[in-house]
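Raw contents of coords32.txt, compact mmCIF, C-alpha atoms and all ligand atoms:
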```
# COMPACT_ATOMS: atom_id res chain seq x y z
CA MET A 1 49.61 26.34 -39.12
CA PRO A 2 51.18 25.46 -35.73
CA ARG A 3 51.82 29.20 -35.20
CA ARG A 4 48.08 29.85 -35.39
CA ALA A 5 47.13 27.21 -32.83
CA PRO A 6 47.22 29.52 -29.76
CA TRP A 7 44.89 31.97 -31.52
CA ILE A 8 42.42 29.25 -32.40
CA VAL A 9 42.49 27.90 -28.85
CA ALA A 10 41.93 31.41 -27.46
CA LEU A 11 39.05 32.05 -29.88
CA LEU A 12 37.38 28.72 -29.15
CA THR A 13 37.72 29.30 -25.39
CA LEU A 14 36.20 32.75 -25.70
CA ALA A 15 33.36 31.41 -27.87
CA THR A 16 32.66 28.60 -25.40
CA ILE A 17 32.51 31.01 -22.49
CA SER A 18 30.33 33.60 -24.22
CA LEU A 19 28.04 31.17 -26.08
CA GLY A 20 27.62 29.15 -22.89
CA ALA A 21 25.67 32.11 -21.55
CA CYS A 22 23.12 31.64 -24.37
CA GLY A 23 21.99 28.29 -22.92
CA GLY A 24 19.08 28.81 -20.60
CA PRO A 25 16.53 28.45 -19.17
CA PHE A 26 16.73 31.75 -17.30
CA PRO A 27 14.07 31.64 -14.62
CA GLN A 28 15.44 34.78 -12.98
CA SER A 29 16.46 36.83 -16.00
CA ALA A 30 15.55 40.49 -15.85
CA LEU A 31 15.90 40.50 -19.66
CA ASP A 32 12.87 38.23 -20.14
CA PRO A 33 10.05 40.57 -19.04
CA ALA A 34 6.58 39.24 -18.23
CA SER A 35 4.76 42.27 -16.83
CA ASP A 36 3.99 45.89 -17.71
CA PHE A 37 6.50 47.04 -15.08
CA ALA A 38 9.27 44.79 -16.40
CA TRP A 39 8.57 45.94 -19.98
CA LYS A 40 9.10 49.57 -18.99
CA LEU A 41 12.56 48.64 -17.71
CA GLN A 42 13.25 46.51 -20.78
CA ASP A 43 12.25 49.27 -23.21
CA LEU A 44 14.53 51.72 -21.43
CA PHE A 45 17.38 49.22 -21.44
CA GLU A 46 16.97 48.36 -25.13
CA GLY A 47 16.75 52.03 -26.16
CA ILE A 48 19.91 52.97 -24.31
CA PHE A 49 21.70 49.79 -25.36
CA PHE A 50 21.01 50.58 -29.05
CA TRP A 51 22.61 54.03 -28.79
CA ALA A 52 25.48 52.62 -26.74
CA VAL A 53 26.17 50.16 -29.58
CA VAL A 54 26.12 53.03 -32.12
CA VAL A 55 28.63 55.01 -30.03
CA PHE A 56 30.78 51.91 -29.51
CA VAL A 57 30.94 51.12 -33.25
CA LEU A 58 31.75 54.75 -34.17
CA VAL A 59 34.46 55.17 -31.53
CA GLU A 60 36.07 51.75 -32.01
CA GLY A 61 35.82 52.15 -35.81
CA ALA A 62 37.63 55.50 -35.66
CA LEU A 63 40.25 53.96 -33.38
CA ILE A 64 40.90 51.04 -35.73
CA VAL A 65 41.12 53.35 -38.76
CA ALA A 66 43.59 55.58 -36.88
CA ILE A 67 45.72 52.61 -35.84
CA LEU A 68 45.85 51.11 -39.32
CA ARG A 69 46.17 54.24 -41.44
CA PHE A 70 48.32 56.45 -39.29
CA ARG A 71 50.62 54.03 -37.51
CA GLU A 72 54.37 54.67 -37.62
CA ARG A 73 56.10 53.06 -40.57
CA PRO A 74 59.85 52.60 -41.03
CA GLY A 75 61.24 55.57 -42.95
CA GLY A 76 57.94 57.48 -42.69
CA PRO A 77 57.83 61.25 -42.14
CA GLU A 78 57.64 62.87 -38.69
CA PRO A 79 53.95 63.44 -37.71
CA LYS A 80 52.73 67.01 -38.11
CA ALA A 81 52.30 68.86 -34.78
CA THR A 82 48.90 70.52 -34.29
CA HIS A 83 47.71 72.91 -31.60
CA GLY A 84 43.98 72.67 -30.91
CA ASN A 85 41.05 72.61 -33.27
CA THR A 86 38.12 74.72 -32.12
CA LEU A 87 35.51 72.86 -34.17
CA LEU A 88 36.70 69.44 -32.89
CA GLU A 89 36.90 70.67 -29.28
CA ILE A 90 33.34 71.99 -29.39
CA SER A 91 31.92 68.92 -31.10
CA TRP A 92 33.47 66.35 -28.76
CA THR A 93 32.26 68.33 -25.77
CA LEU A 94 28.77 68.85 -27.14
CA ALA A 95 28.18 65.35 -28.51
CA PRO A 96 28.52 63.51 -25.14
CA ALA A 97 26.45 66.22 -23.43
CA ILE A 98 23.63 65.71 -25.95
CA ILE A 99 23.89 61.91 -25.62
CA LEU A 100 23.66 62.17 -21.81
CA VAL A 101 20.55 64.37 -22.07
CA LEU A 102 18.98 61.87 -24.47
CA ILE A 103 19.67 59.07 -21.95
CA ALA A 104 18.52 61.14 -18.96
CA ILE A 105 15.07 62.03 -20.36
CA PRO A 106 13.70 58.47 -20.81
CA THR A 107 15.51 57.29 -17.65
CA ILE A 108 13.94 59.93 -15.40
CA LYS A 109 10.57 59.42 -17.09
CA THR A 110 10.74 55.67 -16.37
CA ILE A 111 11.91 56.22 -12.78
CA TRP A 112 8.92 58.48 -12.08
CA ASP A 113 6.63 56.08 -13.86
CA VAL A 114 7.59 52.94 -11.90
CA ASP A 115 8.01 54.76 -8.59
CA ARG A 116 4.46 56.09 -8.36
CA PRO A 117 1.81 54.26 -6.30
CA ALA A 118 -0.50 51.82 -8.11
CA ARG A 119 -3.34 53.45 -10.04
CA GLY A 120 -6.81 52.05 -10.62
CA GLU A 121 -8.25 48.68 -9.69
CA SER A 122 -5.74 46.37 -8.08
CA LEU A 123 -5.43 43.30 -5.93
CA VAL A 124 -3.64 44.30 -2.74
CA VAL A 125 -1.00 41.93 -1.37
CA GLU A 126 0.94 42.66 1.80
CA ALA A 127 4.39 41.10 1.68
CA VAL A 128 6.33 40.88 4.92
CA GLY A 129 10.03 40.02 4.87
CA HIS A 130 11.31 37.77 7.66
CA GLN A 131 14.75 36.26 8.25
CA TRP A 132 14.57 34.20 5.97
CA TRP A 133 11.18 33.74 4.42
CA TRP A 134 8.32 35.74 2.92
CA GLU A 135 4.85 36.14 4.34
CA PHE A 136 2.05 37.07 1.91
CA ARG A 137 -1.29 38.44 3.05
CA TYR A 138 -4.31 39.24 0.92
CA PRO A 139 -6.23 41.64 3.20
CA ASP A 140 -9.28 41.82 0.92
CA LEU A 141 -9.51 38.05 0.53
CA GLY A 142 -8.58 37.06 4.10
CA ILE A 143 -5.72 34.79 3.00
CA VAL A 144 -2.31 34.41 4.64
CA THR A 145 0.38 32.26 3.07
CA ALA A 146 4.15 32.00 2.83
CA ASN A 147 6.82 32.00 0.13
CA GLU A 148 4.38 31.22 -2.69
CA LEU A 149 2.41 34.14 -4.10
CA HIS A 150 -0.55 33.43 -6.39
CA ILE A 151 -1.91 36.12 -8.69
CA PRO A 152 -4.33 36.28 -11.60
CA VAL A 153 -2.88 37.12 -15.03
CA GLY A 154 -3.98 40.48 -16.43
CA GLN A 155 -4.84 42.02 -13.07
CA GLN A 156 -2.73 44.72 -11.44
CA ILE A 157 -1.16 43.59 -8.17
CA ASP A 158 -0.41 46.27 -5.60
CA VAL A 159 2.26 44.86 -3.30
CA ARG A 160 2.68 46.70 0.03
CA LEU A 161 6.00 45.81 1.53
CA THR A 162 7.27 45.83 5.07
CA SER A 163 9.65 43.84 7.22
CA ALA A 164 9.41 42.07 10.57
CA ASP A 165 13.10 42.41 11.36
CA VAL A 166 15.85 43.83 9.10
CA ILE A 167 15.96 45.38 5.63
CA HIS A 168 15.21 42.93 2.80
CA SER A 169 14.51 43.53 -0.88
CA PHE A 170 11.59 42.16 -2.87
CA TRP A 171 12.61 41.04 -6.35
CA PHE A 172 10.91 38.99 -9.04
CA PRO A 173 13.31 39.76 -11.92
CA ARG A 174 10.82 38.90 -14.69
CA LEU A 175 8.03 40.98 -13.16
CA GLY A 176 9.59 44.14 -11.81
CA GLY A 177 12.51 45.93 -10.25
CA LYS A 178 13.86 45.51 -6.76
CA ARG A 179 12.11 47.25 -3.90
CA ASP A 180 13.56 47.70 -0.42
CA VAL A 181 11.55 46.06 2.36
CA ILE A 182 12.05 48.16 5.48
CA PRO A 183 10.93 47.54 9.08
CA GLY A 184 8.48 50.18 10.31
CA HIS A 185 7.99 51.70 6.87
CA GLU A 186 5.78 50.69 3.97
CA THR A 187 7.12 50.61 0.43
CA GLN A 188 5.18 49.62 -2.66
CA ILE A 189 5.52 47.96 -6.02
CA TRP A 190 2.86 47.12 -8.58
CA PHE A 191 2.74 45.06 -11.75
CA THR A 192 0.38 43.17 -14.03
CA ALA A 193 1.65 39.75 -15.13
CA ASP A 194 1.02 39.29 -18.85
CA SER A 195 1.35 35.51 -19.07
CA ALA A 196 0.64 32.53 -16.87
CA GLY A 197 3.59 30.72 -15.38
CA LEU A 198 5.82 30.12 -12.42
CA TYR A 199 8.17 33.01 -11.63
CA LEU A 200 11.08 32.85 -9.24
CA GLY A 201 12.01 35.61 -6.84
CA GLN A 202 14.72 36.34 -4.38
CA CYS A 203 15.59 38.64 -1.53
CA ALA A 204 18.03 41.12 -3.06
CA GLU A 205 19.41 42.90 0.00
CA PHE A 206 21.93 41.25 2.31
CA CYS A 207 19.93 40.44 5.43
CA GLY A 208 22.03 38.00 7.41
CA LEU A 209 23.49 34.51 7.30
CA SER A 210 20.87 32.90 5.04
CA HIS A 211 20.12 35.88 2.79
CA ALA A 212 20.91 33.78 -0.29
CA LEU A 213 18.34 31.21 0.86
CA MET A 214 15.45 33.70 1.08
CA LYS A 215 13.58 32.74 -2.04
CA MET A 216 10.00 32.98 -3.19
CA GLN A 217 7.80 31.79 -6.02
CA LEU A 218 4.98 33.48 -7.85
CA VAL A 219 2.28 31.55 -9.65
CA ALA A 220 0.50 33.68 -12.23
CA GLU A 221 -2.65 31.88 -13.37
CA SER A 222 -5.89 32.47 -15.22
CA PRO A 223 -8.57 34.30 -13.18
CA ALA A 224 -10.57 31.03 -13.03
CA ASP A 225 -7.60 29.05 -11.66
CA PHE A 226 -6.86 31.87 -9.22
CA GLU A 227 -10.47 31.67 -7.95
CA VAL A 228 -10.04 27.94 -7.33
CA TRP A 229 -6.84 28.61 -5.40
CA VAL A 230 -8.56 31.33 -3.33
CA GLU A 231 -11.44 28.96 -2.47
CA GLY A 232 -8.94 26.32 -1.34
CA GLN A 233 -6.99 28.78 0.79
CA LEU A 234 -10.11 30.15 2.45
CA ALA A 235 -11.20 26.70 3.60
CA ASP A 236 -9.75 25.22 6.75
CA ALA A 237 -7.15 22.51 6.24
CA VAL A 238 -8.50 19.48 4.40
CA VAL A 239 -8.80 16.52 6.73
CA THR A 240 -8.53 13.27 4.80
CA ASP A 241 -8.38 10.85 7.70
CA SER A 242 -9.54 12.10 11.08
CA VAL A 243 -7.54 9.52 13.08
CA SER A 244 -4.20 10.48 11.55
CA PHE A 245 -5.22 14.13 11.67
CA ALA A 246 -5.85 13.89 15.42
CA GLU A 247 -2.57 12.03 15.95
CA GLY A 248 -0.77 14.50 13.74
CA THR A 249 -2.17 17.41 15.73
CA GLN A 250 -0.93 15.74 18.93
CA ALA A 251 2.55 15.27 17.47
CA PHE A 252 2.52 18.85 16.21
CA MET A 253 1.82 19.98 19.79
CA ARG A 254 4.46 17.63 21.27
CA GLY A 255 7.04 19.03 18.89
CA GLY A 256 6.31 22.53 20.17
CA CYS A 257 5.42 23.60 16.61
CA ILE A 258 2.24 25.34 17.78
CA ALA A 259 4.27 27.99 19.62
CA CYS A 260 5.22 29.59 16.28
CA HIS A 261 2.94 28.20 13.58
CA LYS A 262 -0.71 28.55 12.81
CA VAL A 263 -2.96 25.89 11.35
CA ARG A 264 -6.37 27.44 11.03
CA GLY A 265 -9.17 25.49 12.68
CA THR A 266 -6.82 23.85 15.22
CA VAL A 267 -5.15 24.84 18.51
CA ALA A 268 -2.02 25.91 16.59
CA GLN A 269 -2.24 29.70 16.54
CA GLY A 270 1.40 30.83 16.54
CA VAL A 271 2.33 33.91 14.55
CA ILE A 272 6.14 33.94 14.52
CA GLY A 273 6.66 31.37 11.76
CA PRO A 274 4.78 30.80 8.49
CA ASP A 275 1.06 29.99 8.53
CA LEU A 276 0.94 26.26 7.73
CA THR A 277 -2.82 25.85 7.16
CA HIS A 278 -2.25 24.76 3.55
CA VAL A 279 1.47 23.96 3.62
CA GLY A 280 0.85 20.63 1.88
CA SER A 281 -0.34 22.48 -1.24
CA ARG A 282 2.79 24.60 -1.60
CA ARG A 283 5.45 23.72 -4.16
CA ARG A 284 8.37 24.42 -1.89
CA ILE A 285 9.16 24.69 1.81
CA ALA A 286 11.78 26.25 4.08
CA GLY A 287 11.68 29.71 2.53
CA GLY A 288 11.42 28.35 -1.00
CA ILE A 289 14.66 26.36 -1.01
CA LEU A 290 13.41 22.75 -0.80
CA ASP A 291 10.84 20.95 -2.95
CA ASN A 292 7.85 20.03 -0.84
CA THR A 293 8.39 16.29 -0.45
CA PRO A 294 8.07 14.13 2.69
CA GLU A 295 11.85 13.52 2.61
CA ASN A 296 12.67 17.24 2.49
CA MET A 297 10.06 18.05 5.13
CA GLU A 298 11.69 15.51 7.45
CA ARG A 299 15.15 16.88 6.68
CA TRP A 300 13.94 20.40 7.42
CA ILE A 301 12.37 19.40 10.77
CA ARG A 302 15.40 17.37 11.88
CA ASP A 303 18.09 19.77 10.73
CA SER A 304 16.65 23.22 10.06
CA ARG A 305 19.94 24.96 10.82
CA GLY A 306 21.87 22.60 8.59
CA VAL A 307 19.49 23.38 5.73
CA LYS A 308 19.29 27.08 6.48
CA PRO A 309 22.13 28.41 8.68
CA GLY A 310 20.89 30.74 11.39
CA SER A 311 17.27 29.66 10.99
CA LEU A 312 15.11 30.74 13.92
CA MET A 313 13.19 27.46 13.87
CA ILE A 314 14.05 25.58 17.04
CA VAL A 315 12.94 21.96 17.10
CA PRO A 316 13.55 19.88 20.22
CA GLU A 317 14.97 16.34 19.96
CA LEU A 318 12.07 14.24 18.69
CA ASP A 319 11.66 10.50 18.33
CA ASP A 320 11.18 9.05 14.83
CA GLU A 321 7.53 8.29 15.47
CA THR A 322 6.74 11.94 16.28
CA VAL A 323 8.71 13.28 13.31
CA ASN A 324 6.95 10.89 10.93
CA ARG A 325 3.54 11.90 12.30
CA ILE A 326 4.36 15.59 11.91
CA VAL A 327 5.60 15.10 8.33
CA GLU A 328 2.50 13.09 7.42
CA TYR A 329 0.28 15.71 9.04
CA LEU A 330 1.93 18.68 7.31
CA GLN A 331 1.94 16.92 3.93
CA GLY A 332 -1.80 16.33 4.41
CA LEU A 333 -2.56 20.03 4.97
CA LYS A 334 -3.60 20.72 1.38
CU1 LIG A 401 16.17 39.00 3.12
CU2 LIG A 401 18.25 39.16 2.01
```
Show me, as structure tokens, the structure contained in the file I just sent.
Amino acid sequence: MPRRAPWIVALLTLATISLGACGGPFPQSALDPASDFAWKLQDLFEGIFFWAVVVFVLVEGALIVAILRFRERPGGPEPKATHGNTLLEISWTLAPAIILVLIAIPTIKTIWDVDRPARGESLVVEAVGHQWWWEFRYPDLGIVTANELHIPVGQQIDVRLTSADVIHSFWFPRLGGKRDVIPGHETQIWFTADSAGLYLGQCAEFCGLSHALMKMQLVAESPADFEVWVEGQLADAVVTDSVSFAEGTQAFMRGGCIACHKVRGTVAQGVIGPDLTHVGSRRRIAGGILDNTPENMERWIRDSRGVKPGSLMIVPELDDETVNRIVEYLQGLK
């Protein structure tokens, strides 16, 4: 028994490592498709994976048989020398060639299929990559938002991609493949979400110091819920208390925030940073890396470069009173 202990330890370690990967949840798994686009990739992957398993079992099986049956034994005869076998040579040249053709046909078909422009009725969204956040515009609806994309389930979304600075890559793993986001050039991706939910996305092209912190969220919702969201976005910011709103606007100006940010219906008309008209209604802030709470908002305003290295947001030294007013004001912009 003691002699077997190392084997058991090795097996248990291996099992722990490999089974650990079965845990979940997997909010960014490309193997958990939730759109027509993602299903095309999944079907291709599963088809090729199946044949890869067949080849693996055949080849490894033959190898194991050869090792067990034909291994050298003490006192055994010398192995017979052979010189070529035409039938074998032809078959092991032809078989891989046929397998590669069988993989190439569905692969090329899928590439052409997902690379074409959107067809038919679709909701157009313009996504603009910035270091390090995402701007989303709905030209037909007149909505501009940041980092949180809302779409109706069952409707095709036609995303037109471009960048304000360097090359980024638009990627919602559960909804579609990666697409380069290039300054001065429009690329495209389309998909139809098949179930409601919150999907996480990520910039997938190294784009500078905080590339890993360039996240985004997508809320797929029923057409009715989407309508409600659209109505809310189209309205100017909701003012709950006009006194604190006026004071908040003052603080927002004192902080210099209006140079870069827009809050529709106020003097803040900046276009460099995200549109903050409804920032209070978003789930996350700071390019999708912090939950939208007053504490995080304050942290972000006081230490934007600590939260996101290289961030372009420059905030002057502000007294506590001003910071608190700004946080309260932004949280109120539902
Ligand atoms: Cu943007 Cu990486």
For ligand LIG 401 (chain A), return the neighbouring residues as a compact mmCIF listing (two decimals) with C-alpha atoms, in the frame of the given file (distance at most 10 Å; only C-alpha atoms and all ligand atoms).
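What ended up in result-v3.txt:
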```
# COMPACT_ATOMS: atom_id res chain seq x y z
CA GLY A 129 10.03 40.02 4.87
CA HIS A 130 11.31 37.77 7.66
CA GLN A 131 14.75 36.26 8.25
CA TRP A 132 14.57 34.20 5.97
CA TRP A 133 11.18 33.74 4.42
CA TRP A 134 8.32 35.74 2.92
CA SER A 163 9.65 43.84 7.22
CA ASP A 165 13.10 42.41 11.36
CA VAL A 166 15.85 43.83 9.10
CA ILE A 167 15.96 45.38 5.63
CA HIS A 168 15.21 42.93 2.80
CA SER A 169 14.51 43.53 -0.88
CA PHE A 170 11.59 42.16 -2.87
CA ASP A 180 13.56 47.70 -0.42
CA VAL A 181 11.55 46.06 2.36
CA GLN A 202 14.72 36.34 -4.38
CA CYS A 203 15.59 38.64 -1.53
CA ALA A 204 18.03 41.12 -3.06
CA GLU A 205 19.41 42.90 0.00
CA PHE A 206 21.93 41.25 2.31
CA CYS A 207 19.93 40.44 5.43
CA GLY A 208 22.03 38.00 7.41
CA LEU A 209 23.49 34.51 7.30
CA SER A 210 20.87 32.90 5.04
CA HIS A 211 20.12 35.88 2.79
CA ALA A 212 20.91 33.78 -0.29
CA LEU A 213 18.34 31.21 0.86
CA MET A 214 15.45 33.70 1.08
CA LYS A 215 13.58 32.74 -2.04
```
Pick from A:Ser222, A:Thr86, A:Asn324, A:Val307 nearest to Phe252 in chain A, counting only C-alpha atoms
A:Asn324
Just checking: using only C-alpha atoms, which residue out of A:Arg302, A:Asn147, A:Gly184, A:Glu227 ends up closest to Tyr199 in chain A?
A:Asn147
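In this structure, CA of Lys308 in chain A sits 19.4 Å away from CA of Gly256 in chain A.
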Using all atoms listed in the file, determine which residues lie at most 12 Å from Pro106 in chain A, disregarding the query and same-chain residues fewer than 2 positions distant; provide the list as a VMD selection string.
chain A and resid 40 to 48 99 to 104 108 to 113
Show me the residues close to (7.3, 11.5, 4.4) - anything with an atom within 7 Å, counting all atoms listed in the file - and format the list as a PyMOL selection string.
chain A and resi 293-295+298+324+327-328
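Counting only C-alpha atoms, the residue from A:Pro25, A:Arg325, A:Pro274, A:Ala286 that sits nearest to Arg137 in chain A is A:Pro274.
The residue that comes closest to Leu175 in chain A, out of A:Ala246, A:Ala30, A:Ala81, A:Ile98 and on the basis of only C-alpha atoms, is A:Ala30.
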Straight-line distance linking CA of Ile157 in chain A with CA of Leu123 in chain A, stated in Å to one decimal:
4.8 Å
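Here CA of Glu60 in chain A and CA of Gly75 in chain A stand 27.7 Å from one another.
Neighbouring residues of Ser122 in chain A at 7 Å or closer, counting all atoms listed in the file and skipping chain neighbours under 2 positions away, are Gly120, Val124, Gln155, Gln156, Ile157 and Asp158 of chain A.
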Show me the residues around (-5.1, 22.8, 5.2) - criterion: an atom at most 12 Å away, all atoms listed in the file counted - as a compact mmCIF listing (two decimals) with C-alpha atoms, in the coordinates of the input.
```
# COMPACT_ATOMS: atom_id res chain seq x y z
CA VAL A 144 -2.31 34.41 4.64
CA THR A 145 0.38 32.26 3.07
CA GLU A 231 -11.44 28.96 -2.47
CA GLY A 232 -8.94 26.32 -1.34
CA GLN A 233 -6.99 28.78 0.79
CA LEU A 234 -10.11 30.15 2.45
CA ALA A 235 -11.20 26.70 3.60
CA ASP A 236 -9.75 25.22 6.75
CA ALA A 237 -7.15 22.51 6.24
CA VAL A 238 -8.50 19.48 4.40
CA VAL A 239 -8.80 16.52 6.73
CA THR A 240 -8.53 13.27 4.80
CA PHE A 245 -5.22 14.13 11.67
CA LYS A 262 -0.71 28.55 12.81
CA VAL A 263 -2.96 25.89 11.35
CA ARG A 264 -6.37 27.44 11.03
CA GLY A 265 -9.17 25.49 12.68
CA THR A 266 -6.82 23.85 15.22
CA ASP A 275 1.06 29.99 8.53
CA LEU A 276 0.94 26.26 7.73
CA THR A 277 -2.82 25.85 7.16
CA HIS A 278 -2.25 24.76 3.55
CA VAL A 279 1.47 23.96 3.62
CA GLY A 280 0.85 20.63 1.88
CA SER A 281 -0.34 22.48 -1.24
CA ARG A 282 2.79 24.60 -1.60
CA TYR A 329 0.28 15.71 9.04
CA LEU A 330 1.93 18.68 7.31
CA GLN A 331 1.94 16.92 3.93
CA GLY A 332 -1.80 16.33 4.41
CA LEU A 333 -2.56 20.03 4.97
CA LYS A 334 -3.60 20.72 1.38
```
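With distances restricted to only C-alpha atoms, A:Val271 is the closest residue to Ala164 in chain A from A:Ile189, A:Val271, A:Ala220, A:Val228.
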Around all listed atoms of range 197-205 of chain A, padded 6 Å per side, what centre and edge lengths does the axis-aligned box have in Å to one decimal, as lines of an AutoDock Vina configuration file?
```
center_x = 11.5
center_y = 36.5
center_z = -7.7
size_x = 27.8
size_y = 24.8
size_z = 27.4
```
Mind checking which residues fall within 8 Å of Gln217 in chain A, counting all atoms listed in the file, ignoring those fewer than 4 positions away in the same chain, and posting them as a PyMOL selection string?
chain A and resi 147-149+198-201+288
Keeping C-alpha atoms for every residue in the selection just given, could you write it to a file as an mmCIF file, in the coordinates of the input?
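For reference, part20.cif as written:
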```cif
data_model
loop_
_atom_site.group_PDB
_atom_site.id
_atom_site.type_symbol
_atom_site.label_atom_id
_atom_site.label_comp_id
_atom_site.auth_asym_id
_atom_site.auth_seq_id
_atom_site.Cartn_x
_atom_site.Cartn_y
_atom_site.Cartn_z
ATOM 1 C CA ASN A 147 6.820 32.000 0.130
ATOM 2 C CA GLU A 148 4.380 31.220 -2.690
ATOM 3 C CA LEU A 149 2.410 34.140 -4.100
ATOM 4 C CA LEU A 198 5.820 30.120 -12.420
ATOM 5 C CA TYR A 199 8.170 33.010 -11.630
ATOM 6 C CA LEU A 200 11.080 32.850 -9.240
ATOM 7 C CA GLY A 201 12.010 35.610 -6.840
ATOM 8 C CA GLY A 288 11.420 28.350 -1.000
#
```
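Excluding Asn292 in chain A itself and any same-chain residue fewer than 2 positions from it, the protein and nucleic acid residues within 6 Å of it, counting only C-alpha atoms, are Arg283, Arg284 and Ile285 of chain A.
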One residue among A:Gln188, A:Thr107, A:Thr13, A:Gln269 is nearest to Met253 in chain A when using only C-alpha atoms, and that residue is A:Gln269
Can you give me all heavy atoms for range 294-300 of chain A, written as an mmCIF file, keeping the file's coordinate frame?
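Printed below is selection-v1.cif as written:
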```cif
data_model
loop_
_atom_site.group_PDB
_atom_site.id
_atom_site.type_symbol
_atom_site.label_atom_id
_atom_site.label_comp_id
_atom_site.auth_asym_id
_atom_site.auth_seq_id
_atom_site.Cartn_x
_atom_site.Cartn_y
_atom_site.Cartn_z
ATOM 1 N N PRO A 294 7.965 14.626 1.303
ATOM 2 C CA PRO A 294 8.070 14.130 2.690
ATOM 3 C C PRO A 294 9.536 14.061 3.140
ATOM 4 O O PRO A 294 9.841 14.396 4.281
ATOM 5 C CB PRO A 294 7.440 12.734 2.610
ATOM 6 C CG PRO A 294 6.516 12.792 1.439
ATOM 7 C CD PRO A 294 7.140 13.745 0.456
ATOM 8 N N GLU A 295 10.437 13.645 2.236
ATOM 9 C CA GLU A 295 11.850 13.520 2.610
ATOM 10 C C GLU A 295 12.430 14.880 3.003
ATOM 11 O O GLU A 295 13.113 15.013 4.022
ATOM 12 C CB GLU A 295 12.692 12.953 1.452
ATOM 13 C CG GLU A 295 12.328 11.536 1.018
ATOM 14 C CD GLU A 295 11.007 11.454 0.268
ATOM 15 O OE1 GLU A 295 10.709 12.385 -0.515
ATOM 16 O OE2 GLU A 295 10.245 10.490 0.485
ATOM 17 N N ASN A 296 12.142 15.904 2.190
ATOM 18 C CA ASN A 296 12.670 17.240 2.490
ATOM 19 C C ASN A 296 12.038 17.819 3.753
ATOM 20 O O ASN A 296 12.696 18.507 4.531
ATOM 21 C CB ASN A 296 12.422 18.182 1.311
ATOM 22 C CG ASN A 296 13.413 17.955 0.190
ATOM 23 O OD1 ASN A 296 14.473 17.387 0.412
ATOM 24 N ND2 ASN A 296 13.074 18.388 -0.999
ATOM 25 N N MET A 297 10.746 17.546 3.937
ATOM 26 C CA MET A 297 10.060 18.050 5.130
ATOM 27 C C MET A 297 10.731 17.467 6.375
ATOM 28 O O MET A 297 10.980 18.176 7.354
ATOM 29 C CB MET A 297 8.580 17.617 5.063
ATOM 30 C CG MET A 297 7.714 18.228 6.122
ATOM 31 S SD MET A 297 7.199 19.905 5.718
ATOM 32 C CE MET A 297 5.668 19.643 4.860
ATOM 33 N N GLU A 298 11.062 16.161 6.307
ATOM 34 C CA GLU A 298 11.690 15.510 7.450
ATOM 35 C C GLU A 298 13.083 16.115 7.684
ATOM 36 O O GLU A 298 13.463 16.408 8.819
ATOM 37 C CB GLU A 298 11.809 13.997 7.186
ATOM 38 C CG GLU A 298 12.330 13.269 8.405
ATOM 39 C CD GLU A 298 12.550 11.782 8.163
ATOM 40 O OE1 GLU A 298 11.906 11.196 7.270
ATOM 41 O OE2 GLU A 298 13.397 11.216 8.890
ATOM 42 N N ARG A 299 13.815 16.313 6.583
ATOM 43 C CA ARG A 299 15.150 16.880 6.680
ATOM 44 C C ARG A 299 15.088 18.263 7.335
ATOM 45 O O ARG A 299 15.884 18.610 8.203
ATOM 46 C CB ARG A 299 15.711 17.010 5.258
ATOM 47 C CG ARG A 299 17.209 17.127 5.206
ATOM 48 C CD ARG A 299 17.660 17.208 3.769
ATOM 49 N NE ARG A 299 18.683 18.228 3.652
ATOM 50 C CZ ARG A 299 18.915 18.947 2.558
ATOM 51 N NH1 ARG A 299 18.174 18.770 1.479
ATOM 52 N NH2 ARG A 299 19.867 19.841 2.542
ATOM 53 N N TRP A 300 14.101 19.043 6.918
ATOM 54 C CA TRP A 300 13.940 20.400 7.420
ATOM 55 C C TRP A 300 13.625 20.393 8.915
ATOM 56 O O TRP A 300 14.173 21.175 9.700
ATOM 57 C CB TRP A 300 12.841 21.093 6.602
ATOM 58 C CG TRP A 300 12.430 22.454 7.071
ATOM 59 C CD1 TRP A 300 11.164 22.857 7.373
ATOM 60 C CD2 TRP A 300 13.266 23.614 7.258
ATOM 61 N NE1 TRP A 300 11.164 24.170 7.735
ATOM 62 C CE2 TRP A 300 12.433 24.666 7.680
ATOM 63 C CE3 TRP A 300 14.627 23.855 7.129
ATOM 64 C CZ2 TRP A 300 12.916 25.943 7.965
ATOM 65 C CZ3 TRP A 300 15.110 25.124 7.416
ATOM 66 C CH2 TRP A 300 14.254 26.147 7.821
#
```
